Every structure is written in structure tokens, then in C-alpha cells.
file upload-v8.pdb (PDB, C-alpha atoms and all ligand atoms)
ATOM      1  CA  MET O   1      45.935 -18.838  22.233  1.00  0.00           C
ATOM      2  CA  VAL O   2      45.721 -17.568  18.624  1.00  0.00           C
ATOM      3  CA  ASN O   3      44.193 -19.501  15.751  1.00  0.00           C
ATOM      4  CA  GLU O   4      45.139 -18.621  12.164  1.00  0.00           C
ATOM      5  CA  GLU O   5      42.171 -18.802   9.793  1.00  0.00           C
ATOM      6  CA  ARG O   6      41.353 -17.685   6.246  1.00  0.00           C
ATOM      7  CA  SER O   7      40.017 -14.425   7.609  1.00  0.00           C
ATOM      8  CA  GLY O   8      43.111 -13.833   9.734  1.00  0.00           C
ATOM      9  CA  GLU O   9      44.139 -14.597  13.262  1.00  0.00           C
ATOM     10  CA  ARG O  10      41.734 -14.602  16.139  1.00  0.00           C
ATOM     11  CA  ASN O  11      41.808 -15.625  19.715  1.00  0.00           C
ATOM     12  CA  PHE O  12      41.097 -19.279  20.221  1.00  0.00           C
ATOM     13  CA  MET O  13      39.444 -20.862  23.205  1.00  0.00           C
ATOM     14  CA  PRO O  14      40.196 -24.469  24.091  1.00  0.00           C
ATOM     15  CA  LEU O  15      36.516 -25.383  23.793  1.00  0.00           C
ATOM     16  CA  SER O  16      36.798 -26.401  20.113  1.00  0.00           C
ATOM     17  CA  SER O  17      39.770 -28.682  20.649  1.00  0.00           C
ATOM     18  CA  VAL O  18      38.119 -30.274  23.688  1.00  0.00           C
ATOM     19  CA  ALA O  19      34.885 -30.784  21.714  1.00  0.00           C
ATOM     20  CA  ARG O  20      36.815 -32.423  18.845  1.00  0.00           C
ATOM     21  CA  GLU O  21      38.036 -35.070  21.282  1.00  0.00           C
ATOM     22  CA  VAL O  22      34.459 -36.276  21.934  1.00  0.00           C
ATOM     23  CA  PHE O  23      34.188 -39.337  19.735  1.00  0.00           C
ATOM     24  CA  GLY O  24      31.196 -39.885  17.457  1.00  0.00           C
ATOM     25  CA  VAL O  25      29.631 -36.412  17.517  1.00  0.00           C
ATOM     26  CA  ARG O  26      29.983 -33.084  15.740  1.00  0.00           C
ATOM     27  CA  HIS O  27      29.568 -29.567  17.070  1.00  0.00           C
ATOM     28  CA  GLN O  28      28.619 -26.299  15.473  1.00  0.00           C
ATOM     29  CA  ASP O  29      28.479 -22.762  16.676  1.00  0.00           C
ATOM     30  CA  ILE O  30      25.736 -20.346  15.643  1.00  0.00           C
ATOM     31  CA  ASP O  31      26.688 -16.855  14.542  1.00  0.00           C
ATOM     32  CA  LEU O  32      23.559 -15.146  15.821  1.00  0.00           C
ATOM     33  CA  VAL O  33      20.337 -16.036  17.630  1.00  0.00           C
ATOM     34  CA  GLN O  34      17.672 -13.327  17.563  1.00  0.00           C
ATOM     35  CA  TYR O  35      15.237 -13.738  20.432  1.00  0.00           C
ATOM     36  CA  CYS O  36      12.297 -11.901  21.915  1.00  0.00           C
ATOM     37  CA  PRO O  37      13.373  -9.634  24.789  1.00  0.00           C
ATOM     38  CA  ARG O  38      10.062 -10.280  26.518  1.00  0.00           C
ATOM     39  CA  CYS O  39       9.623 -14.084  26.465  1.00  0.00           C
ATOM     40  CA  LYS O  40      13.245 -14.922  25.543  1.00  0.00           C
ATOM     41  CA  LYS O  41      12.132 -17.394  22.853  1.00  0.00           C
ATOM     42  CA  PRO O  42      14.293 -17.574  19.715  1.00  0.00           C
ATOM     43  CA  GLU O  43      12.910 -15.892  16.584  1.00  0.00           C
ATOM     44  CA  LEU O  44      15.713 -16.330  14.041  1.00  0.00           C
ATOM     45  CA  LEU O  45      18.987 -18.208  13.593  1.00  0.00           C
ATOM     46  CA  MET O  46      21.695 -16.645  11.451  1.00  0.00           C
ATOM     47  CA  GLU O  47      24.896 -17.774   9.831  1.00  0.00           C
ATOM     48  CA  ALA O  48      27.312 -15.342   8.206  1.00  0.00           C
ATOM     49  CA  THR O  49      30.063 -16.175   5.767  1.00  0.00           C
ATOM     50  CA  SER O  50      32.600 -14.383   3.623  1.00  0.00           C
ATOM     51  CA  SER O  51      33.454 -17.446   1.523  1.00  0.00           C
ATOM     52  CA  GLN O  52      32.019 -17.874  -1.963  1.00  0.00           C
ATOM     53  CA  GLY O  53      31.542 -21.637  -1.887  1.00  0.00           C
ATOM     54  CA  SER O  54      28.537 -23.413  -0.476  1.00  0.00           C
ATOM     55  CA  LYS O  55      27.941 -23.026   3.226  1.00  0.00           C
ATOM     56  CA  TYR O  56      26.673 -25.866   5.367  1.00  0.00           C
ATOM     57  CA  THR O  57      23.353 -24.832   6.935  1.00  0.00           C
ATOM     58  CA  GLN O  58      21.582 -28.164   7.349  1.00  0.00           C
ATOM     59  CA  VAL O  59      22.040 -28.453  11.117  1.00  0.00           C
ATOM     60  CA  LEU O  60      20.919 -24.864  11.587  1.00  0.00           C
ATOM     61  CA  ARG O  61      17.807 -25.539   9.479  1.00  0.00           C
ATOM     62  CA  ILE O  62      17.004 -28.632  11.544  1.00  0.00           C
ATOM     63  CA  ILE O  63      17.286 -26.561  14.729  1.00  0.00           C
ATOM     64  CA  GLY O  64      15.164 -23.842  13.109  1.00  0.00           C
ATOM     65  CA  SER O  65      12.495 -26.395  12.194  1.00  0.00           C
ATOM     66  CA  LEU O  66      12.492 -27.825  15.719  1.00  0.00           C
ATOM     67  CA  CYS O  67      12.044 -24.307  17.094  1.00  0.00           C
ATOM     68  CA  GLY O  68       9.626 -23.247  14.338  1.00  0.00           C
ATOM     69  CA  ILE O  69      11.805 -20.296  13.348  1.00  0.00           C
ATOM     70  CA  PRO O  70      13.515 -19.259  10.094  1.00  0.00           C
ATOM     71  CA  VAL O  71      17.206 -19.488   9.275  1.00  0.00           C
ATOM     72  CA  LEU O  72      18.953 -16.673   7.472  1.00  0.00           C
ATOM     73  CA  MET O  73      22.402 -16.862   5.936  1.00  0.00           C
ATOM     74  CA  ILE O  74      24.237 -13.791   4.743  1.00  0.00           C
ATOM     75  CA  ARG O  75      27.296 -13.651   2.526  1.00  0.00           C
ATOM     76  CA  HIS O  76      29.402 -10.549   3.011  1.00  0.00           C
ATOM     77  CA  SER O  77      32.847  -9.190   2.267  1.00  0.00           C
ATOM     78  CA  TRP O  78      35.495  -8.614   4.930  1.00  0.00           C
ATOM     79  CA  GLU O  79      36.535  -5.485   3.026  1.00  0.00           C
ATOM     80  CA  ASP O  80      33.132  -3.966   3.755  1.00  0.00           C
ATOM     81  CA  THR O  81      34.385  -1.716   6.526  1.00  0.00           C
ATOM     82  CA  ASP O  82      31.824   1.004   5.773  1.00  0.00           C
ATOM     83  CA  HIS O  83      28.901  -1.461   5.475  1.00  0.00           C
ATOM     84  CA  GLU O  84      28.085   0.040   2.073  1.00  0.00           C
ATOM     85  CA  HIS O  85      28.794  -3.082   0.039  1.00  0.00           C
ATOM     86  CA  PRO O  86      25.934  -5.362  -1.003  1.00  0.00           C
ATOM     87  CA  ILE O  87      25.407  -8.646   0.774  1.00  0.00           C
ATOM     88  CA  ASP O  88      23.577 -11.780  -0.335  1.00  0.00           C
ATOM     89  CA  MET O  89      20.781 -13.135   1.858  1.00  0.00           C
ATOM     90  CA  TYR O  90      19.340 -16.661   1.831  1.00  0.00           C
ATOM     91  CA  LEU O  91      16.280 -17.422   3.941  1.00  0.00           C
ATOM     92  CA  TRP O  92      14.866 -20.813   4.902  1.00  0.00           C
ATOM     93  CA  HIS O  93      11.549 -21.128   6.658  1.00  0.00           C
ATOM     94  CA  PRO O  94      10.963 -23.981   9.097  1.00  0.00           C
ATOM     95  CA  GLY O  95      10.628 -27.282   7.281  1.00  0.00           C
ATOM     96  CA  SER O  96      13.380 -27.323   4.657  1.00  0.00           C
ATOM     97  CA  THR O  97      15.930 -29.487   6.386  1.00  0.00           C
ATOM     98  CA  SER O  98      17.245 -31.772   3.669  1.00  0.00           C
ATOM     99  CA  ARG O  99      20.947 -31.436   3.013  1.00  0.00           C
ATOM    100  CA  ASP O 100      20.639 -29.710  -0.358  1.00  0.00           C
ATOM    101  CA  ALA O 101      17.413 -27.782   0.234  1.00  0.00           C
ATOM    102  CA  GLU O 102      17.344 -24.582  -1.761  1.00  0.00           C
ATOM    103  CA  PRO O 103      16.577 -21.413   0.183  1.00  0.00           C
ATOM    104  CA  ASP O 104      12.915 -20.425   0.230  1.00  0.00           C
ATOM    105  CA  GLN O 105      13.911 -16.878  -0.501  1.00  0.00           C
ATOM    106  CA  VAL O 106      17.092 -15.536  -2.081  1.00  0.00           C
ATOM    107  CA  LEU O 107      17.611 -11.821  -1.784  1.00  0.00           C
ATOM    108  CA  GLU O 108      20.737 -11.345  -3.824  1.00  0.00           C
ATOM    109  CA  GLU O 109      22.592  -8.068  -3.725  1.00  0.00           C
ATOM    110  CA  ALA O 110      20.769  -6.982  -0.609  1.00  0.00           C
ATOM    111  CA  SER O 111      22.028  -4.265   1.690  1.00  0.00           C
ATOM    112  CA  TRP O 112      22.751  -4.189   5.392  1.00  0.00           C
ATOM    113  CA  SER O 113      19.629  -2.059   5.861  1.00  0.00           C
ATOM    114  CA  SER O 114      17.501  -4.683   4.072  1.00  0.00           C
ATOM    115  CA  LEU O 115      18.987  -7.278   6.417  1.00  0.00           C
ATOM    116  CA  LYS O 116      17.918  -5.094   9.332  1.00  0.00           C
ATOM    117  CA  SER O 117      14.418  -4.838   7.816  1.00  0.00           C
ATOM    118  CA  ALA O 118      14.218  -8.622   7.390  1.00  0.00           C
ATOM    119  CA  MET O 119      15.256  -9.143  11.016  1.00  0.00           C
ATOM    120  CA  LEU O 120      12.694  -6.593  12.223  1.00  0.00           C
ATOM    121  CA  ASN O 121       9.995  -8.182  10.046  1.00  0.00           C
ATOM    122  CA  ILE O 122      10.702 -11.580  11.608  1.00  0.00           C
ATOM    123  CA  HIS O 123      10.453 -10.026  15.073  1.00  0.00           C
ATOM    124  CA  GLU O 124       7.152  -8.358  14.180  1.00  0.00           C
ATOM    125  CA  ARG O 125       5.721 -11.740  13.115  1.00  0.00           C
ATOM    126  CA  HIS O 126       6.678 -13.298  16.471  1.00  0.00           C
ATOM    127  CA  LYS O 127       3.610 -14.204  18.487  1.00  0.00           C
ATOM    128  CA  CYS O 128       4.713 -13.463  22.013  1.00  0.00           C
ATOM    129  CA  ASP O 129       3.136 -15.403  24.842  1.00  0.00           C
ATOM    130  CA  GLY O 130       5.336 -13.814  27.488  1.00  0.00           C
ATOM    131  CA  THR O 131       4.071 -11.584  30.234  1.00  0.00           C
TER
HETATM  132 ZN    ZN R   1       8.097 -13.113  22.904  1.00  0.00          ZN
END

call {"tool": "encode", "arguments": {"input": "upload-v8.pdb", "output": "C-alpha cells", "more": "lines below"}}
Ligand SMILES: [Zn+2]
result
Amino acid sequence: MVNEERSGERNFMPLSSVAREVFGVRHQDIDLVQYCPRCKKPELLMEATSSQGSKYTQVLRIIGSLCGIPVLMIRHSWEDTDHEHPIDMYLWHPGSTSRDAEPDQVLEEASWSSLKSAMLNIHERHKCDGT
């Protein structure tokens, strides 16, 4: 099954349409969960978007607060096939869960390598209790 979206067509699984039939609840997917390879605990939740409007991150920030981990949103361009174009990064630390909470850190005009550095930095701050 193919679903036509703003960013083009992509394969569509029936999961979304089945989930929409569950009355009284909402569902959300998460673009990326970074976790520790040793203890398997999550370290970072990420959402990525190519749209220029506001992006809904409240549920992700609530999950991040429950887990005690930050939430990072990146805004990128689909035309960035060489990964040389700047991206915007917005970082929330656990605790800011109100609907209109401003990001704790806005790294505008960041690069993909600075995103990689931010992700590595978050991993390095992880206090692993795994064996
Ligand atoms: Zn760990």
C-alpha cells in the first residue's frame, strides 16, 4: 500500500489506519531513540521534520521527562542529498513538558556533524548501570 504525503509517496502499513480506529486515544511514532548498547536504556528521543511550521513535540517531551532523557528536534531539507546543508536543532532537557515550552537550547544553522557531536555528548553523559 502506498501513502502520498507532502514529502512524496512511501509505503504504508495498515498499523496507522488500525490505530486511528481506536476511539478516545492518539498515537505517535518516534523518529529515533538513541539507547545505550550496554544497558539498553534510552538516552535521547529525536524528531525530524522538513516542514517550516511549528512541530508538535509535547508528547515526546513528556516521554523524555518520564525517562529522564532529553528530546532533540532537527529541521532539515529534503534537498540535502549531500548532507552539506545546515540544519536547525532544538533541544529540550527533561522537565519542559508544557505545550508551548520553548526549547532549552536552540542551535540554529547547525550542521550534521554538530548533530553527531550533540548525540555523542548525550551518550557520554549517560551514567550506565549495566554490566
Ligand atoms: Zn547504559

call {"tool": "residues_near_ligand", "arguments": {"input": "upload-v8.pdb", "ligand": "ligand ZN 1 (chain R)", "cutoff": "7 Å", "atoms": "only C-alpha atoms and all ligand atoms", "output": "list in words"}}
result
Cys36, Pro37, Arg38, Cys39, Lys40, Lys41, His126, Lys127, Cys128, Asp129 and Gly130 of chain O

call {"tool": "resolve_selection", "arguments": {"input": "upload-v8.pdb", "expression": "the PyMOL selection byres (((chain O and resi 43) around 10) and not hetatm)", "output": "NGL selection string"}}
result
:O and (33-36 or 40-42 or 44-45 or 64 or 67-71 or 119 or 122-127)

call {"tool": "resolve_selection", "arguments": {"input": "upload-v8.pdb", "expression": "the PyMOL selection byres (((chain O and resi 61) around 9) and not hetatm)", "output": "mmCIF file with C-alpha atoms, keeping the file's coordinate frame"}}
result
data_model
loop_
_atom_site.group_PDB
_atom_site.id
_atom_site.type_symbol
_atom_site.label_atom_id
_atom_site.label_comp_id
_atom_site.auth_asym_id
_atom_site.auth_seq_id
_atom_site.Cartn_x
_atom_site.Cartn_y
_atom_site.Cartn_z
ATOM 1 C CA LEU O 45 18.987 -18.208 13.593
ATOM 2 C CA THR O 57 23.353 -24.832 6.935
ATOM 3 C CA GLN O 58 21.582 -28.164 7.349
ATOM 4 C CA VAL O 59 22.040 -28.453 11.117
ATOM 5 C CA LEU O 60 20.919 -24.864 11.587
ATOM 6 C CA ILE O 62 17.004 -28.632 11.544
ATOM 7 C CA ILE O 63 17.286 -26.561 14.729
ATOM 8 C CA GLY O 64 15.164 -23.842 13.109
ATOM 9 C CA SER O 65 12.495 -26.395 12.194
ATOM 10 C CA LEU O 66 12.492 -27.825 15.719
ATOM 11 C CA ILE O 69 11.805 -20.296 13.348
ATOM 12 C CA PRO O 70 13.515 -19.259 10.094
ATOM 13 C CA VAL O 71 17.206 -19.488 9.275
ATOM 14 C CA TRP O 92 14.866 -20.813 4.902
ATOM 15 C CA HIS O 93 11.549 -21.128 6.658
ATOM 16 C CA PRO O 94 10.963 -23.981 9.097
ATOM 17 C CA GLY O 95 10.628 -27.282 7.281
ATOM 18 C CA SER O 96 13.380 -27.323 4.657
ATOM 19 C CA THR O 97 15.930 -29.487 6.386
ATOM 20 C CA SER O 98 17.245 -31.772 3.669
#

call {"tool": "resolve_selection", "arguments": {"input": "upload-v8.pdb", "expression": "the PyMOL selection byres (((chain O and resi 103) around 7) and not hetatm)", "output": "ChimeraX atom specification"}}
result
/O:90-92,101-102,104-106

call {"tool": "closest_residue", "arguments": {"input": "upload-v8.pdb", "among": "O:Ser117, O:Ser54, O:Thr49, O:Gln28", "to": "Ile87 in chain O", "atoms": "only C-alpha atoms"}}
result
O:Thr49

call {"tool": "closest_residue", "arguments": {"input": "upload-v8.pdb", "among": "O:Val18, O:Val25, O:Met13, O:Leu72", "to": "Lys116 in chain O", "atoms": "only C-alpha atoms"}}
result
O:Leu72

call {"tool": "atom_distance", "arguments": {"input": "upload-v8.pdb", "atom1": "CA of Pro86 in chain O", "atom2": "CA of Trp112 in chain O"}}
result
7.2 Å

call {"tool": "atom_distance", "arguments": {"input": "upload-v8.pdb", "atom1": "CA of Arg26 in chain O", "atom2": "CA of Met46 in chain O"}}
result
18.9 Å

call {"tool": "atom_distance", "arguments": {"input": "upload-v8.pdb", "atom1": "CA of Val22 in chain O", "atom2": "CA of Asp100 in chain O"}}
result
27.0 Å

call {"tool": "residues_around", "arguments": {"input": "upload-v8.pdb", "residues": "Glu109 in chain O", "least_positions_apart": "5", "cutoff": "10 Å", "atoms": "all atoms listed in the file", "output": "VMD selection string"}}
result
chain O and resid 75 to 76 85 to 89 114

call {"tool": "axis_aligned_box", "arguments": {"input": "upload-v8.pdb", "around": "range 35-54 of chain O", "padding_each_side": "3 Å", "output": "AutoDock Vina command-line options"}}
result
--center_x 21.5 --center_y -16.5 --center_z 12.3 --size_x 29.8 --size_y 19.8 --size_z 34.5
